Amino acid sequence: MEKVTIYTDGACSGNPGPGGWGAILMYNNIKKEISGASKETTNNIMELTAVIEGLKMLKYPCEVDLYSDSSYVVNAFIQGWIYNWIKNSWKTANKEPVKNKEIWQELYELTKIHKVNFIKVKGHSDNEFNNRCDELARNAITNM
């Protein structure tokens with residue numbers, strides 16, 4: 001199985017408000033940057049979208065080291081929240097409907113294709129690729 005590294009970030013100008021996302025995919029010595037924006041969204045939706053769009057770029061099943069500064073995204077998998085949501089018919093521990101359910105479902109389906117290792121990075125610090133993803137996301141908002 002090929003090994004790929006993906007960095008992702010989402011940004012919002014106001015929450016909700018105009019939002020953008022950015023991702024960098026790295027395979028061997030190849031680096032590809034992608035980004036997009038939405039007129040009315042939330043920061044969490046943009047964080048999820050960045051991960052989904054990054055994974056959707058992969059043409060066949062891969063082992064992915066996925067770096068995100070979003071605790072929301074990373075903890076859903078590392079702490080097993082998503083598996084409990086699925087088991088509980090997409091309800092949280094408080095019996096509330098899971099927010100952004102359709103987006104989570106799309107991401108979950110992609111994690112069944114790829115072996116994804118979710119890795120939390122500190123946002124807005126000295127990680128060059130996380131900072132570049134933030135820049136891609138913010139530029140996407142500006143250029144919308």
# chains A, B, ... in the order shown; residues from 1 in each chain; ligands from 1
call {"tool": "select_by_dssp", "arguments": {"residues": "range 42-134 of chain A", "states": "strand (DSSP E)", "output": "count of residues only"}}
result
13
call {"tool": "select_by_dssp", "arguments": {"residues": "chain A", "states": "alpha helix (DSSP H)", "output": "NGL selection string"}}
result
:A and (43-56 or 71-78 or 81-87 or 101-113 or 128-142)
call {"tool": "write_last_selection", "arguments": {"atoms": "C-alpha atoms", "output": "compact mmCIF listing (two decimals), in the first residue's frame"}}
result
# COMPACT_ATOMS: atom_id res chain seq x y z
CA ASN A 43 -14.96 26.44 10.66
CA ASN A 44 -15.70 22.79 11.51
CA ILE A 45 -17.27 22.18 8.10
CA MET A 46 -14.19 23.65 6.40
CA GLU A 47 -11.86 21.49 8.53
CA LEU A 48 -13.83 18.37 7.53
CA THR A 49 -14.03 19.44 3.88
CA ALA A 50 -10.24 19.86 3.70
CA VAL A 51 -9.75 16.27 4.90
CA ILE A 52 -12.42 14.87 2.55
CA GLU A 53 -11.11 16.73 -0.51
CA GLY A 54 -7.56 15.61 0.27
CA LEU A 55 -8.60 11.96 0.54
CA LYS A 56 -10.76 12.20 -2.60
CA SER A 71 -9.20 18.63 17.54
CA TYR A 72 -12.78 18.16 16.26
CA VAL A 73 -11.61 16.07 13.29
CA VAL A 74 -8.66 14.24 14.88
CA ASN A 75 -10.38 13.35 18.17
CA ALA A 76 -13.46 11.99 16.40
CA PHE A 77 -11.23 9.15 15.18
CA ILE A 78 -8.49 8.91 17.83
CA TRP A 81 -16.39 9.36 18.90
CA ILE A 82 -17.36 8.53 15.32
CA TYR A 83 -17.69 4.80 16.05
CA ASN A 84 -20.00 5.58 18.97
CA TRP A 85 -22.03 7.97 16.79
CA ILE A 86 -22.48 5.23 14.20
CA LYS A 87 -23.40 2.66 16.87
CA LYS A 101 -23.70 14.16 9.96
CA GLU A 102 -23.62 13.90 6.14
CA ILE A 103 -20.06 15.26 6.03
CA TRP A 104 -18.94 12.86 8.77
CA GLN A 105 -20.56 9.99 6.86
CA GLU A 106 -18.64 10.92 3.70
CA LEU A 107 -15.37 11.10 5.65
CA TYR A 108 -16.07 7.78 7.37
CA GLU A 109 -16.64 6.10 3.99
CA LEU A 110 -13.25 7.41 2.80
CA THR A 111 -11.56 5.98 5.92
CA LYS A 112 -12.89 2.56 4.89
CA ILE A 113 -11.00 2.88 1.56
CA GLU A 128 5.50 24.88 7.61
CA PHE A 129 2.85 22.68 5.94
CA ASN A 130 0.07 23.51 8.41
CA ASN A 131 0.85 27.20 7.97
CA ARG A 132 0.73 26.79 4.17
CA CYS A 133 -2.68 25.05 4.41
CA ASP A 134 -3.96 27.94 6.52
CA GLU A 135 -2.70 30.34 3.84
CA LEU A 136 -4.41 28.29 1.09
CA ALA A 137 -7.69 28.32 3.05
CA ARG A 138 -7.55 32.07 3.71
CA ASN A 139 -6.63 32.84 0.10
CA ALA A 140 -9.59 30.74 -1.07
CA ILE A 141 -11.93 32.97 1.00
CA THR A 142 -10.34 36.14 -0.42
call {"tool": "closest_residue", "arguments": {"among": "A:Gly19, A:Ile24, A:Cys62, A:Asp69", "to": "Tyr7 in chain A", "atoms": "only C-alpha atoms"}}
result
A:Ile24
call {"tool": "closest_residue", "arguments": {"among": "A:Lys95, A:Lys39, A:His114, A:Lys31", "to": "Leu58 in chain A", "atoms": "only C-alpha atoms"}}
result
A:His114
call {"tool": "closest_residue", "arguments": {"among": "A:Tyr67, A:Gly123, A:Leu25, A:Lys115", "to": "Ala11 in chain A", "atoms": "only C-alpha atoms"}}
result
A:Gly123
call {"tool": "atom_distance", "arguments": {"atom1": "CA of Ala23 in chain A", "atom2": "CA of Thr5 in chain A"}}
result
10.3 Å
